[in-house]
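For reference, upload-v8.txt (compact mmCIF, C-alpha atoms):
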# COMPACT_ATOMS: atom_id res chain seq x y z
CA MET A 1 35.53 20.58 185.72
CA THR A 2 33.72 23.54 187.31
CA GLU A 3 30.07 23.39 186.22
CA PRO A 4 28.45 19.96 185.98
CA THR A 5 28.79 18.19 182.64
CA ALA A 6 26.07 16.08 181.00
CA LEU A 7 27.82 13.05 182.50
CA ASP A 8 27.79 14.59 186.00
CA ARG A 9 24.10 15.41 185.59
CA LEU A 10 23.36 11.84 184.46
CA ILE A 11 25.20 10.33 187.45
CA GLU A 12 23.31 12.68 189.78
CA ALA A 13 19.94 11.95 188.14
CA LEU A 14 20.47 8.16 188.33
CA ARG A 15 20.55 8.49 192.10
CA CYS A 16 16.79 9.13 192.20
CA MET A 17 16.46 5.36 191.98
CA PRO A 18 16.20 3.50 195.30
CA GLY A 19 19.32 1.53 196.19
CA ILE A 20 21.53 3.38 193.70
CA GLY A 21 24.36 5.26 195.39
CA ARG A 22 27.12 7.33 193.83
CA LYS A 23 29.34 4.39 192.84
CA SER A 24 26.51 2.39 191.24
CA ALA A 25 25.26 5.49 189.42
CA GLN A 26 28.74 6.04 188.00
CA ARG A 27 29.03 2.40 186.91
CA ILE A 28 25.61 2.53 185.24
CA ALA A 29 26.39 5.79 183.42
CA TYR A 30 29.71 4.45 182.12
CA HIS A 31 28.12 1.18 181.06
CA LEU A 32 25.37 2.92 179.09
CA LEU A 33 27.76 5.41 177.45
CA GLN A 34 30.33 2.77 176.61
CA ARG A 35 28.20 -0.22 175.65
CA ASP A 36 24.51 0.53 175.36
CA ARG A 37 23.58 4.02 174.16
CA GLN A 38 20.54 2.56 172.42
CA GLY A 39 19.39 1.09 175.73
CA GLY A 40 19.98 4.44 177.42
CA LEU A 41 17.88 6.26 174.86
CA ARG A 42 15.13 3.63 175.09
CA LEU A 43 15.14 4.06 178.86
CA ALA A 44 14.89 7.86 178.49
CA THR A 45 11.81 7.44 176.29
CA ALA A 46 10.21 4.79 178.49
CA LEU A 47 10.73 6.93 181.60
CA GLY A 48 9.23 10.02 180.03
CA GLU A 49 6.28 8.07 178.72
CA ALA A 50 5.57 6.21 181.96
CA MET A 51 5.91 9.30 184.21
CA ASP A 52 3.52 11.06 181.89
CA LYS A 53 0.91 8.39 181.11
CA VAL A 54 0.69 6.07 184.09
CA GLY A 55 -2.02 7.11 186.56
CA HIS A 56 -4.22 5.13 188.93
CA CYS A 57 -7.26 2.95 188.30
CA ASN A 58 -10.36 4.82 189.48
CA ARG A 59 -11.70 1.63 190.98
CA CYS A 60 -8.86 -0.41 192.57
CA ARG A 61 -6.23 2.36 192.70
CA THR A 62 -3.42 0.31 191.13
CA PHE A 63 -1.19 1.86 188.46
CA SER A 64 -3.09 2.12 185.19
CA GLU A 65 -2.95 3.99 181.93
CA THR A 66 -6.71 3.83 181.59
CA ASP A 67 -9.42 5.15 183.94
CA ILE A 68 -10.30 1.58 184.86
CA CYS A 69 -7.42 -0.93 184.85
CA PRO A 70 -7.62 -4.07 182.66
CA LEU A 71 -8.14 -6.31 185.71
CA CYS A 72 -11.11 -4.31 187.02
CA ALA A 73 -12.55 -4.06 183.50
CA SER A 74 -12.20 -7.79 182.77
CA ASN A 75 -15.35 -9.90 182.65
CA ARG A 76 -13.41 -13.09 183.31
CA ARG A 77 -12.71 -12.38 186.98
CA ASP A 78 -14.71 -13.53 190.01
CA ARG A 79 -16.35 -10.26 191.01
CA SER A 80 -17.52 -11.59 194.40
CA LEU A 81 -13.93 -11.79 195.71
CA LEU A 82 -11.86 -8.72 196.64
CA CYS A 83 -8.23 -8.99 197.74
CA VAL A 84 -6.85 -5.94 199.60
CA VAL A 85 -3.09 -5.40 199.16
CA GLU A 86 -0.63 -2.62 199.94
CA SER A 87 1.05 -2.17 196.56
CA PRO A 88 0.86 -2.96 192.82
CA ALA A 89 3.85 -5.31 193.29
CA ASP A 90 1.60 -7.42 195.54
CA VAL A 91 -0.95 -7.64 192.71
CA TYR A 92 1.74 -9.09 190.43
CA ALA A 93 2.76 -11.61 193.10
CA ILE A 94 -0.82 -12.75 193.72
CA GLU A 95 -1.64 -12.92 189.98
CA ASP A 96 1.23 -15.40 189.67
CA ALA A 97 -0.63 -17.58 192.18
CA GLU A 98 -3.63 -17.84 189.84
CA TYR A 99 -6.03 -15.80 191.95
CA GLN A 100 -9.21 -15.09 190.00
CA GLY A 101 -10.91 -12.31 191.99
CA LEU A 102 -10.53 -8.53 192.02
CA TYR A 103 -8.11 -6.32 193.97
CA PHE A 104 -8.10 -3.17 195.99
CA VAL A 105 -4.65 -1.54 196.19
CA LEU A 106 -4.14 0.70 199.22
CA MET A 107 -0.90 2.23 197.87
CA GLY A 108 0.49 2.13 201.39
CA HIS A 109 -0.68 1.32 204.90
CA LEU A 110 -2.13 3.25 207.84
CA SER A 111 0.67 5.30 209.35
CA PRO A 112 -0.76 8.18 211.41
CA LEU A 113 2.69 9.63 212.17
CA ASP A 114 3.32 10.04 208.43
CA GLY A 115 -0.14 11.55 207.95
CA ILE A 116 -1.44 8.43 206.18
CA GLY A 117 -4.97 7.78 207.35
CA PRO A 118 -8.04 6.06 205.87
CA GLU A 119 -8.53 8.87 203.36
CA GLU A 120 -5.00 8.55 201.89
CA LEU A 121 -5.56 4.81 201.40
CA GLY A 122 -8.80 5.42 199.49
CA LEU A 123 -10.96 3.61 202.05
CA GLU A 124 -14.00 5.69 201.02
CA ARG A 125 -13.59 4.20 197.56
CA LEU A 126 -13.40 0.75 199.17
CA SER A 127 -16.59 1.45 201.17
CA ALA A 128 -18.36 2.43 197.97
CA ILE A 129 -17.25 -0.80 196.26
CA LEU A 130 -18.46 -2.90 199.21
CA ASP A 131 -21.79 -1.03 199.17
CA GLU A 132 -22.35 -1.96 195.53
CA GLY A 133 -23.28 -5.42 196.85
CA GLU A 134 -21.31 -7.59 194.40
CA ILE A 135 -18.46 -8.47 196.79
CA LYS A 136 -19.11 -11.49 199.02
CA GLU A 137 -15.66 -11.93 200.58
CA VAL A 138 -12.76 -9.59 201.31
CA ILE A 139 -9.31 -11.20 201.60
CA LEU A 140 -6.87 -9.12 203.64
CA ALA A 141 -3.38 -9.53 202.18
CA THR A 142 -1.56 -6.56 203.70
CA ASN A 143 1.98 -7.19 204.95
CA THR A 144 2.70 -8.74 208.34
CA THR A 145 4.33 -5.58 209.66
CA VAL A 146 2.80 -3.68 212.57
CA GLU A 147 1.33 -1.15 210.13
CA GLY A 148 0.09 -3.86 207.76
CA GLU A 149 -1.65 -5.69 210.62
CA ALA A 150 -3.22 -2.46 211.91
CA THR A 151 -4.45 -1.68 208.41
CA ALA A 152 -5.89 -5.19 208.05
CA HIS A 153 -7.65 -4.79 211.39
CA TYR A 154 -9.17 -1.43 210.42
CA ILE A 155 -10.43 -2.70 207.06
CA GLY A 156 -11.64 -5.94 208.68
CA GLU A 157 -13.93 -3.89 210.93
CA MET A 158 -15.27 -1.96 207.92
CA VAL A 159 -16.15 -5.22 206.17
CA LYS A 160 -17.70 -6.92 209.21
CA LYS A 161 -20.01 -3.94 209.70
CA ARG A 162 -21.52 -4.87 206.34
CA GLN A 163 -22.01 -8.53 207.29
CA LEU A 164 -19.61 -9.72 204.56
CA ARG A 165 -17.10 -12.53 204.90
CA VAL A 166 -13.59 -11.26 205.70
CA THR A 167 -10.47 -13.46 205.71
CA ARG A 168 -6.76 -12.96 206.31
CA ILE A 169 -4.20 -14.87 204.19
CA ALA A 170 -2.46 -17.66 206.13
CA HIS A 171 0.84 -17.00 207.84
CA GLY A 172 3.23 -19.83 208.54
CA VAL A 173 6.33 -21.61 207.36
CA PRO A 174 6.92 -20.76 203.67
CA MET A 175 6.85 -23.63 201.15
CA GLY A 176 10.35 -25.02 200.74
CA GLY A 177 11.35 -23.16 203.89
CA GLU A 178 13.36 -25.02 206.52
CA LEU A 179 12.01 -24.86 210.03
CA GLU A 180 15.34 -24.02 211.61
CA TYR A 181 15.75 -20.87 209.52
CA VAL A 182 12.25 -19.54 210.14
CA GLY A 183 11.76 -16.94 212.88
CA SER A 184 10.00 -17.90 216.10
CA ASN A 185 7.18 -15.47 215.36
CA THR A 186 6.44 -17.32 212.12
CA ILE A 187 6.49 -20.65 213.95
CA LEU A 188 4.09 -19.18 216.52
CA HIS A 189 1.69 -18.39 213.64
CA ALA A 190 2.29 -21.78 212.02
CA LEU A 191 1.39 -23.57 215.26
CA ALA A 192 -1.64 -21.40 216.01
CA GLY A 193 -2.91 -21.91 212.45
CA ARG A 194 -2.34 -25.71 212.39
CA ARG A 195 -4.97 -27.89 210.72
CA GLU A 196 -6.08 -31.55 210.80
CA PHE A 197 -3.80 -33.70 208.64
CA MET B 1 -2.83 -7.15 179.98
CA THR B 2 -2.05 -8.36 176.47
CA GLU B 3 0.21 -5.78 174.81
CA PRO B 4 2.86 -4.16 177.00
CA THR B 5 1.76 -1.04 178.88
CA ALA B 6 3.95 2.02 179.47
CA LEU B 7 4.74 0.53 182.88
CA ASP B 8 5.78 -2.82 181.34
CA ARG B 9 7.96 -0.97 178.86
CA LEU B 10 9.58 1.06 181.65
CA ILE B 11 10.35 -2.07 183.69
CA GLU B 12 11.84 -3.73 180.60
CA ALA B 13 13.88 -0.62 179.69
CA LEU B 14 15.29 -0.28 183.22
CA ARG B 15 16.94 -3.68 182.79
CA CYS B 16 19.50 -2.20 180.38
CA MET B 17 21.35 -1.12 183.52
CA PRO B 18 23.99 -3.52 184.82
CA GLY B 19 22.98 -5.30 188.02
CA ILE B 20 19.27 -4.49 187.63
CA GLY B 21 17.13 -7.61 187.29
CA ARG B 22 13.38 -7.91 186.90
CA LYS B 23 12.55 -7.44 190.60
CA SER B 24 14.79 -4.40 191.05
CA ALA B 25 13.44 -2.86 187.84
CA GLN B 26 9.89 -3.29 189.14
CA ARG B 27 10.77 -1.77 192.50
CA ILE B 28 12.46 1.20 190.82
CA ALA B 29 9.51 1.78 188.46
CA TYR B 30 7.01 1.70 191.33
CA HIS B 31 9.15 3.98 193.45
CA LEU B 32 9.46 6.59 190.70
CA LEU B 33 5.76 6.46 189.79
CA GLN B 34 4.61 6.56 193.38
CA ARG B 35 7.09 8.93 194.99
CA ASP B 36 9.36 10.70 192.55
CA ARG B 37 7.90 11.47 189.13
CA GLN B 38 9.98 14.64 189.00
CA GLY B 39 13.12 12.57 189.54
CA GLY B 40 11.99 10.16 186.82
CA LEU B 41 11.49 13.00 184.35
CA ARG B 42 14.84 14.56 185.29
CA LEU B 43 16.49 11.18 184.71
CA ALA B 44 14.79 10.86 181.30
CA THR B 45 16.19 14.25 180.28
CA ALA B 46 19.67 13.57 181.68
CA LEU B 47 19.84 10.20 179.90
CA GLY B 48 18.77 11.63 176.55
CA GLU B 49 21.22 14.49 176.89
CA ALA B 50 24.19 12.35 177.98
CA MET B 51 23.65 9.64 175.34
CA ASP B 52 23.48 12.39 172.76
CA LYS B 53 26.25 14.76 173.87
CA VAL B 54 28.94 12.73 175.62
CA GLY B 55 31.68 11.59 173.27
CA HIS B 56 35.37 10.91 173.81
CA CYS B 57 38.32 13.25 174.28
CA ASN B 58 40.39 13.26 171.08
CA ARG B 59 43.54 13.18 173.16
CA CYS B 60 43.10 10.92 176.20
CA ARG B 61 39.95 9.07 175.05
CA THR B 62 38.01 9.59 178.31
CA PHE B 63 34.33 10.59 178.16
CA SER B 64 34.03 14.24 177.20
CA GLU B 65 31.51 16.67 175.79
CA THR B 66 34.24 18.69 174.15
CA ASP B 67 36.83 17.60 171.56
CA ILE B 68 39.53 17.88 174.20
CA CYS B 69 38.50 17.08 177.79
CA PRO B 70 38.98 19.70 180.56
CA LEU B 71 41.85 17.69 182.10
CA CYS B 72 43.82 17.52 178.85
CA ALA B 73 43.08 21.18 178.14
CA SER B 74 44.10 22.38 181.62
CA ASN B 75 47.35 24.32 181.95
CA ARG B 76 47.61 23.48 185.64
CA ARG B 77 48.59 19.82 185.15
CA ASP B 78 52.07 18.31 185.03
CA ARG B 79 52.35 17.57 181.31
CA SER B 80 55.45 15.40 181.73
CA LEU B 81 53.52 12.67 183.55
CA LEU B 82 51.03 10.34 181.80
CA CYS B 83 48.98 7.77 183.72
CA VAL B 84 47.49 4.94 181.63
CA VAL B 85 44.20 3.52 182.97
CA GLU B 86 41.51 1.19 181.69
CA SER B 87 38.40 3.30 182.30
CA PRO B 88 37.09 6.80 183.12
CA ALA B 89 36.13 5.48 186.57
CA ASP B 90 39.85 4.95 187.22
CA VAL B 91 40.47 8.60 186.35
CA TYR B 92 37.99 9.67 189.04
CA ALA B 93 39.65 7.35 191.58
CA ILE B 94 43.15 8.66 190.81
CA GLU B 95 41.99 12.31 190.78
CA ASP B 96 40.80 11.76 194.37
CA ALA B 97 44.39 10.83 195.22
CA GLU B 98 45.60 14.28 194.13
CA TYR B 99 47.53 13.14 191.07
CA GLN B 100 48.62 16.14 189.02
CA GLY B 101 49.64 14.64 185.67
CA LEU B 102 47.70 13.71 182.55
CA TYR B 103 45.84 10.50 181.66
CA PHE B 104 45.42 8.11 178.80
CA VAL B 105 42.21 6.07 179.03
CA LEU B 106 42.30 2.76 177.15
CA MET B 107 38.54 2.19 177.45
CA GLY B 108 39.25 -1.49 178.00
CA HIS B 109 42.21 -3.86 177.95
CA LEU B 110 43.85 -6.13 175.40
CA SER B 111 41.57 -9.12 174.85
CA PRO B 112 42.36 -10.80 171.53
CA LEU B 113 39.50 -13.32 171.90
CA ASP B 114 37.02 -10.43 172.05
CA GLY B 115 38.71 -8.73 169.11
CA ILE B 116 40.20 -6.00 171.30
CA GLY B 117 43.74 -5.31 170.09
CA PRO B 118 46.07 -2.28 170.19
CA GLU B 119 43.95 -0.43 167.64
CA GLU B 120 40.74 -0.69 169.72
CA LEU B 121 42.60 0.72 172.74
CA GLY B 122 43.84 3.73 170.75
CA LEU B 123 47.50 2.83 171.15
CA GLU B 124 48.35 4.69 167.92
CA ARG B 125 47.01 7.82 169.62
CA LEU B 126 49.20 7.00 172.64
CA SER B 127 52.28 6.57 170.36
CA ALA B 128 51.60 9.98 168.84
CA ILE B 129 51.36 11.56 172.31
CA LEU B 130 54.66 9.97 173.38
CA ASP B 131 56.30 11.14 170.16
CA GLU B 132 55.35 14.75 170.91
CA GLY B 133 58.23 14.67 173.43
CA GLU B 134 56.52 16.35 176.39
CA ILE B 135 55.94 13.16 178.40
CA LYS B 136 58.87 12.09 180.62
CA GLU B 137 57.24 9.24 182.56
CA VAL B 138 54.38 6.85 181.86
CA ILE B 139 52.65 5.34 184.92
CA LEU B 140 50.91 2.05 184.14
CA ALA B 141 47.75 1.82 186.28
CA THR B 142 45.80 -0.90 184.47
CA ASN B 143 44.03 -3.46 186.66
CA THR B 144 45.84 -6.43 188.18
CA THR B 145 43.85 -8.93 186.12
CA VAL B 146 45.58 -11.14 183.54
CA GLU B 147 44.34 -8.82 180.77
CA GLY B 148 45.34 -5.70 182.68
CA GLU B 149 48.85 -7.04 183.27
CA ALA B 150 49.23 -8.07 179.62
CA THR B 151 48.08 -4.63 178.55
CA ALA B 152 50.55 -2.98 180.94
CA HIS B 153 53.33 -5.17 179.53
CA TYR B 154 52.49 -4.28 175.94
CA ILE B 155 52.37 -0.55 176.62
CA GLY B 156 55.52 -0.79 178.78
CA GLU B 157 57.43 -2.10 175.75
CA MET B 158 56.07 0.76 173.62
CA VAL B 159 57.34 3.30 176.15
CA LYS B 160 60.75 1.68 176.70
CA LYS B 161 61.42 1.74 172.96
CA ARG B 162 61.30 5.53 173.25
CA GLN B 163 63.77 5.63 176.16
CA LEU B 164 61.18 7.15 178.49
CA ARG B 165 60.70 6.25 182.14
CA VAL B 166 57.91 3.72 182.67
CA THR B 167 56.55 2.72 186.09
CA ARG B 168 53.82 0.45 187.40
CA ILE B 169 51.73 1.50 190.42
CA ALA B 170 52.62 -0.43 193.60
CA HIS B 171 50.68 -3.54 194.52
CA GLY B 172 50.49 -4.69 198.10
CA VAL B 173 48.37 -4.71 201.22
CA PRO B 174 45.74 -1.92 200.96
CA MET B 175 45.84 0.85 203.57
CA GLY B 176 43.60 -0.07 206.49
CA GLY B 177 43.59 -3.64 205.19
CA GLU B 178 44.18 -6.47 207.62
CA LEU B 179 46.85 -8.94 206.64
CA GLU B 180 44.75 -12.00 207.41
CA TYR B 181 42.03 -10.96 204.96
CA VAL B 182 44.39 -10.19 202.09
CA GLY B 183 44.94 -12.86 199.43
CA SER B 184 48.28 -14.68 199.28
CA ASN B 185 48.95 -13.24 195.82
CA THR B 186 48.72 -9.72 197.26
CA ILE B 187 51.06 -10.68 200.10
CA LEU B 188 53.48 -12.10 197.52
CA HIS B 189 53.52 -8.68 195.84
CA ALA B 190 53.76 -6.88 199.17
CA LEU B 191 56.82 -8.93 200.13
CA ALA B 192 58.51 -8.64 196.74
CA GLY B 193 57.93 -4.88 196.79
CA ARG B 194 59.19 -4.33 200.36
CA ARG B 195 61.31 -1.25 201.11
CA GLU B 196 63.78 -0.11 203.77
CA PHE B 197 61.97 1.16 206.86

Would you give me this structure, written as structure tokens?
Amino acid sequence: MTEPTALDRLIEALRCMPGIGRKSAQRIAYHLLQRDRQGGLRLATALGEAMDKVGHCNRCRTFSETDICPLCASNRRDRSLLCVVESPADVYAIEDAEYQGLYFVLMGHLSPLDGIGPEELGLERLSAILDEGEIKEVILATNTTVEGEATAHYIGEMVKKRQLRVTRIAHGVPMGGELEYVGSNTILHALAGRREF
Amino acid sequence: MTEPTALDRLIEALRCMPGIGRKSAQRIAYHLLQRDRQGGLRLATALGEAMDKVGHCNRCRTFSETDICPLCASNRRDRSLLCVVESPADVYAIEDAEYQGLYFVLMGHLSPLDGIGPEELGLERLSAILDEGEIKEVILATNTTVEGEATAHYIGEMVKKRQLRVTRIAHGVPMGGELEYVGSNTILHALAGRREF
């Protein structure tokens, strides 16, 4: 048990995944070896392939295997609407809500201390898209964190300069959410954003 | 977005791991693509290698890349002591407790309904080891589940037939455990197993 075995190396390598500590990595390795070697081999192939092939869409910056992602290339989307989100996971979430416009994926948020400025978020690319003249409205759907709000503000200013409509998704009590379990900050937003009934 | 992309295939393949659902798989895939492609590639290699190379020790049945695992092959272990456990993870746990004897790894427990009988647990192999005459004591360290207890009982009978010493690890209140949070069944064992102080 001196130099690491293939099993030791597997347990160590599994820890590159977020949320997987030593114990979980061990459990996963044992499970695959004992019950699902086919699954383990499929995962090895899928990982190699994805790490190798998946790049970014040249237009909206989301993950894509092609220069332009299928969503940007589609002719069935409303090309006057652009939704700005922080990550590809947000695209999935919004697609589920039957949104029909296009996206721009920042792949992060402004975070000067981490060296993430407008350039890292591809805002020049966003400027170029806005200047094409097709977009009529930009929907800001960054997260409600301090960084997400700052990013929304920065992009909002960029859009306003071009005399385009810019909106922020509504914040309030989530559907099915119970008032007593919602934070006061959310209630503050829900009250401020109240509408005629 | 019609046929699955490399990213879709990766997310699907990640779900072969126990405890990883769709959301976690997505988060892991994005994390690797965005922040740790090297880690993803290392994991692909480690998986392929482990699934391919790791087999079982011909003697104790634990995972091993060699016919006989390093523990069984070592000449620094007490070869008169054999600890019977359900899984290789148990071996790791007991090694941490500075145990010096050998192991026998059942790779499961008796479970007739799932078709797991003495043969599937390698008990013929265990008989052969006992018949070699080196072992003086067998320590039963199967889990305290119904199946684990039944398995311990079955193996206990095998050992007794050979006039060898057979022991079961102690069950009681865990070290650092607080009495009020320990189940009544554990306390029952702790009381029954009490010793002079």

Query - Exercise: stretch 67-74 of chain B partners within 9 Å, all atoms listed in the file, chain neighbours under 5 positions left out, as a list in words - result: Met1 of chain A; Gly55, His56, Cys57, Asn58, Arg59, Cys60, Arg61, Thr62, Arg79, Leu102 and Tyr103 of chain B

Report task. Fewer than 5 positions away in the same chain doesn't count, so skip those; otherwise give me all residues within 9 Å of stretch 7-12 of chain B, counting only C-alpha atoms, as a PyMOL selection string. Result -> (chain A and resi 42-43+45-47+49-51+53-54+63-65) or (chain B and resi 22+24-30)

I need the residues from that last selection saved to file as a compact mmCIF listing (two decimals), keeping the file's coordinate frame (with C-alpha atoms), if you can.
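Result saved to out34.txt:
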# COMPACT_ATOMS: atom_id res chain seq x y z
CA ARG A 42 15.13 3.63 175.09
CA LEU A 43 15.14 4.06 178.86
CA THR A 45 11.81 7.44 176.29
CA ALA A 46 10.21 4.79 178.49
CA LEU A 47 10.73 6.93 181.60
CA GLU A 49 6.28 8.07 178.72
CA ALA A 50 5.57 6.21 181.96
CA MET A 51 5.91 9.30 184.21
CA LYS A 53 0.91 8.39 181.11
CA VAL A 54 0.69 6.07 184.09
CA PHE A 63 -1.19 1.86 188.46
CA SER A 64 -3.09 2.12 185.19
CA GLU A 65 -2.95 3.99 181.93
CA ARG B 22 13.38 -7.91 186.90
CA SER B 24 14.79 -4.40 191.05
CA ALA B 25 13.44 -2.86 187.84
CA GLN B 26 9.89 -3.29 189.14
CA ARG B 27 10.77 -1.77 192.50
CA ILE B 28 12.46 1.20 190.82
CA ALA B 29 9.51 1.78 188.46
CA TYR B 30 7.01 1.70 191.33

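Every residue within 12 Å of the file position (-3.7, -21.6, 201.9), judged by all atoms listed in the file, is given as Ala97, Tyr99, Ile139, Thr167, Arg168, Ile169, Ala170, His171, Gly172, Val173, Pro174, Met175, Ala190, Gly193, Arg194 and Arg195 of chain A.
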
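Excluding stretch 118-123 of chain B itself and same-chain residues fewer than 6 positions from it, the residues having an atom within 10 Å of it are Arg59, Cys60, Arg61, Glu86, Phe104, Val105, Leu106, Met107, Gly108, His109, Leu110, Ser111, Pro112, Ile129, Thr151, Tyr154, Ile155 and Met158 of chain B, counting only C-alpha atoms.
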
Can I get the selection written as an mmCIF file, keeping the file's coordinate frame, with C-alpha atoms?
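Written output follows (again.cif):
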data_model
loop_
_atom_site.group_PDB
_atom_site.id
_atom_site.type_symbol
_atom_site.label_atom_id
_atom_site.label_comp_id
_atom_site.auth_asym_id
_atom_site.auth_seq_id
_atom_site.Cartn_x
_atom_site.Cartn_y
_atom_site.Cartn_z
ATOM 1 C CA ARG B 59 43.540 13.180 173.160
ATOM 2 C CA CYS B 60 43.100 10.920 176.200
ATOM 3 C CA ARG B 61 39.950 9.070 175.050
ATOM 4 C CA GLU B 86 41.510 1.190 181.690
ATOM 5 C CA PHE B 104 45.420 8.110 178.800
ATOM 6 C CA VAL B 105 42.210 6.070 179.030
ATOM 7 C CA LEU B 106 42.300 2.760 177.150
ATOM 8 C CA MET B 107 38.540 2.190 177.450
ATOM 9 C CA GLY B 108 39.250 -1.490 178.000
ATOM 10 C CA HIS B 109 42.210 -3.860 177.950
ATOM 11 C CA LEU B 110 43.850 -6.130 175.400
ATOM 12 C CA SER B 111 41.570 -9.120 174.850
ATOM 13 C CA PRO B 112 42.360 -10.800 171.530
ATOM 14 C CA ILE B 129 51.360 11.560 172.310
ATOM 15 C CA THR B 151 48.080 -4.630 178.550
ATOM 16 C CA TYR B 154 52.490 -4.280 175.940
ATOM 17 C CA ILE B 155 52.370 -0.550 176.620
ATOM 18 C CA MET B 158 56.070 0.760 173.620
#

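Between atom CA of B:Ala93 and atom CA of B:Arg162 the interatomic distance comes to 28.4 Å.
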